[in-house]
Each structure stands twice: as C-alpha cells, then as structure tokens.
Amino acid sequence: MPNFFAIGDFLASILLAVLPRRTSDRIKENTSPLNVYVLRESMKHKCNKARMTQFEGVFATLLFDLALFGTSNPVINGIIYLFTTIQNSWDTPFKSEAAAERSVAEFCSRLDIQQKPWIWEKAPSKYVSLNDFFSRTYEESNFPQLGAGKVLAPACCVLKIYNNDAAMKSLLIKGCEYNIDRIGLPHEDVQSYAKHHILIGYLSPKDYHRIHSPITGRCIHCKMEGEGSLSASVKFFGGKFNILNENKRLVIVLETNEDLRVALVVVGGVGVNTITYDASIVGKEVQKGQELSAFRAGGSAFAMFSTKPLHLIKELKKIAERARGDNVEVQVGETLCEHFKNT
C-alpha cells in the first residue's frame with residue numbers, strides 16, 4: 001500500500017511539472033487544505049492537511065473536475081472500470097494477522113485515521129481485508145453520542161447547505177444537465193423537496209463510511225438507482241459529471257408522525273461498486289441514529305431533502321443565510337435541526 005501511494009505521488013509530481021500552469025494551479029487548488037466550520041467545536045478551522053494526495057488530486061482533477069476525456073465514452077468508461085477493478089483488490093484477504101495489523105496501520109497513517117486511542121470495533125489484526133477495515137464501525141462505547149434534536153447528521157462528513165434546489169444549481173451544480181426529477185425521488189414529493197433546504201455531505205476515504213437515519217419515522221421507500229452505472233468521483237459536484245442523476249445511488253424516504261418526509265440519496269463515488277442496505281426496512285419504523293447503509297471502497301456522498309422547512313440550529317442557519325455553500329464538518333448523530341416547521 002505505501003509503495004503504491006509513493007509511486008503515484010512521484011508520477012503526479014512529474015505531471016504537475018509538465019502540465020499547463022492553469023491546469024496545475026487547478027490541481028493545487030483541489031488538493032489544498034480546506035476551511036471548515038467544525039460544528040461540535042462551534043469554530044472555523046483551516047485544515048493543515050491536503051484534501052487528497054497528489055496522485056489523487058491529479059487523477060480526480062483531470063478526469064472528473066476538468067473532464068479531460070469527456071463524461072461518457074469508451075475511454076473514460078474504461079478508465080473508471082479499471083479504477084473500480086483496482087479498488088476491488090481491497091477485498092483480497094490479508095495473509096496473516098500480522099499482515100492485517102501492518103496494512104491497517106499503514107492505511108490509517110496515510111489517511112490520518114485515528115489510531116490512538118483505538119475506537120473501532122475490532123483490533124487491527126482481526127480485520128480480514130482492507131475493505132473490511134474501510135467499512136468499519138465504532139466499538140459500541142465509542143460511538144458518537146446522538147443529539148437530542150429532531151434531525152441528526154446521517155454520517156461523518158463535510159456538509160454543504162443550500163436553501164433550495166435552485167440555489168444548489170446556481171452555487172454548486174453548474175457544469176451538467178442535473179434535474180431533481182431524475183434523482184429517483186418519489187414523484188409526488190419532488191416539488192416539495194425542491195423548495196426547501198438541501199444538505200450535501202461528502203465522506204472522504206478517511207471517514208467512517210456508514211449512513212444512519214437522521215430522524216425517527218417509517219420507511220416508505222428504499223430503492224437503488226443507477227445500478228449499472230460507472231460512478232464518477234463525488235469530489236466535484238460542480239463538474240461536468242451529473243453525479244446526482246447518473247452515479248449509483250440508494251434512495252431512502254422516511255416519514256414522521258408530523259407528516260414530514262425526509263429523503264436520503266446515498267451516492268457511491270468512483271471505485272464504489274457496493275452500497276449495502278436492507279430493503280426489508282420498507283414499511284418499518286426506523287429509529288433516529290439507526291444504521292441504514294454502508295459503503296465499501298472509495299469516497300462517497302449523500303444528499304438530504306425534506307418536504308417541509310427545517311428549523312436549522314443557529315450555527316447552521318447563519319451558514320445557510322450566507323448562501324455561499326460553506327463547508328461544515330459534522331460527526332454522525334450531531335443535531336442539525338431542533339424541530340420542524342409547519343409550513
């Protein structure tokens with residue numbers, strides 16, 4: 001694993017030296033540290049680590065941000081298929097517990113995943129493959145405490161908040177023919193979803209990759225969309241790839257006793273060919289914080305919609321009012337909304 005990363009970064013540094021300045025500047029911008037508002041600390045921080053490795057930055061910027069090879073043709077489809085095949089090698093079993101411990105430690109160090117204290121459900125030596133660790137969960141006593149609000153963060157992620165669908169299109173999704181009607185949301189509620197806050201969450205490869213229910217309610221819809229799709233990178237919603245309409249995505253709709261419906265669109269990124277979920281939850285009561293789905297390999301994202309206005313907590317309300325698509329770092333289970341609005 002470290003040799004692969006080192007070789008990749010070496011090749012990326014060569015490309016950065018020979019690429020046109022405008023392109024190399026775009027890559028540097030995409031890999032630079034990110035300013036985020038950390039919700040649990042009520043403070044804005046500038047990360048001191050790059051958002052991605054040099055290799056990842058070059059690969060993702062050229063292929064998915066700038067779409068150098070287009071968005072749907074044999075060349076880009078072949079590249080995405082190859083990358084997915086490489087990611088599938090993460091399912092290769094470790095040869096021994098010692099190898100597992102070594103590989104997990106290297107993976108954690110490379111991606112800055114917490115090791116001390118160890119908060120995950122198994123010892124490093126007990127994971128059977130890299131993907132087994134990637135889709136890890138917390139040791140029960142270390143799971144983040146659930147907030148008391150009505151709507152909670154469904155994942156550990158960097159969150160962006162938009163006032164409605166029109167604002168999201170004007171600020172974020174500019175480079176493609178995105179249409180809310182084509183996401184896979186039940187048609188009877190699409191216009192209501194379009195009028196209210198939309199939350200976009202990005203899960204980086206270092207994050208805990210399981211999605212939990214943001215509310216308590218009955219599941220009325222659970223369906224996979226775009227099952228045969230070769231998903232593009234979810235790092236660039238503003239690029240030419242139509243992520244919310246064309247990536248593989250799981251659409252889950254939950255309904256509360258207050259006649260509110262919350263839709264979660266769980267989106268797989270490049271290399272993510274498995275989104276696990278339980279389709280039998282349809283018709284059943286789901287508790288706030290209950291696990292709904294998990295990813296194996298690669299970055300991923302979600303979009304959250306509601307049929308009624310949400311009363312965001314004051315920190316998020318201020319960020320939403322600025323209407324700049326600022327980045328907010330949240331932990332799974334943190335309160336996003338205190339209560340629902342009636343209109």
# chains A, B, ... in the order shown; residues from 1 in each chain; ligands from 1

$ residues_around --residues "range 304-308 of chain A" --least-positions-apart "5" --cutoff "9 Å" --atoms "only C-alpha atoms" --output "list in words"
Asp189, Val190, Gln191, Ser192, Tyr193, Ala194, Lys195, His196, His197, Ile198, Leu199, Ile200, Gly201, Asp259, Leu260, Arg261, Val262, Ala263, Leu264, Val265, Val266, Phe340, Lys341, Asn342 and Thr343 of chain A

$ write_last_selection --atoms "C-alpha atoms" --output "compact mmCIF listing (two decimals), in the first residue's frame"
# COMPACT_ATOMS: atom_id res chain seq x y z
CA ASP A 189 -42.99 14.95 -3.41
CA VAL A 190 -40.36 16.28 -5.82
CA GLN A 191 -41.73 19.84 -5.91
CA SER A 192 -41.81 19.98 -2.10
CA TYR A 193 -38.23 18.72 -1.90
CA ALA A 194 -37.15 21.38 -4.42
CA LYS A 195 -38.48 24.25 -2.26
CA HIS A 196 -36.64 23.50 0.98
CA HIS A 197 -33.13 23.11 2.36
CA ILE A 198 -30.88 20.56 0.66
CA LEU A 199 -27.87 19.20 2.52
CA ILE A 200 -24.97 17.67 0.58
CA GLY A 201 -22.48 15.60 2.59
CA ASP A 259 -46.33 14.43 8.05
CA LEU A 260 -42.73 15.32 7.24
CA ARG A 261 -40.84 13.23 4.72
CA VAL A 262 -37.06 13.20 4.66
CA ALA A 263 -35.29 11.67 1.66
CA LEU A 264 -31.70 10.44 1.80
CA VAL A 265 -29.91 9.91 -1.50
CA VAL A 266 -26.83 7.82 -0.71
CA PHE A 340 -39.75 21.02 12.06
CA LYS A 341 -41.66 23.99 10.72
CA ASN A 342 -45.33 23.59 9.87
CA THR A 343 -45.22 25.49 6.58

$ select_by_dssp --residues "range 22-218 of chain A" --states "helix (DSSP H, G or I)" --output "ChimeraX atom specification"
/A:22-31,39-41,54-65,74-91,97-111,124-126,130-134,140-142,165-171,180-182,187-195

$ residues_around --residues "Ala98 in chain A" --least-positions-apart "3" --cutoff "12 Å" --atoms "only C-alpha atoms" --output "ChimeraX atom specification"
/A:94-95,101-105,123-128

$ residues_around --residues "Lys223 in chain A" --least-positions-apart "3" --cutoff "9 Å" --atoms "only C-alpha atoms" --output "number ranges by chain"
A: 184, 249-252, 279

$ residues_around --residues "range 284-290 of chain A" --least-positions-apart "4" --cutoff "6 Å" --atoms "only C-alpha atoms" --output "number ranges by chain"
A: 212-219

$ select_by_dssp --residues "range 72-197 of chain A" --states "strand (DSSP E or B)" --output "JSON, numbers by chain"
{"A": [93, 120, 129, 138, 151, 152, 157, 158, 159, 160, 161, 162]}
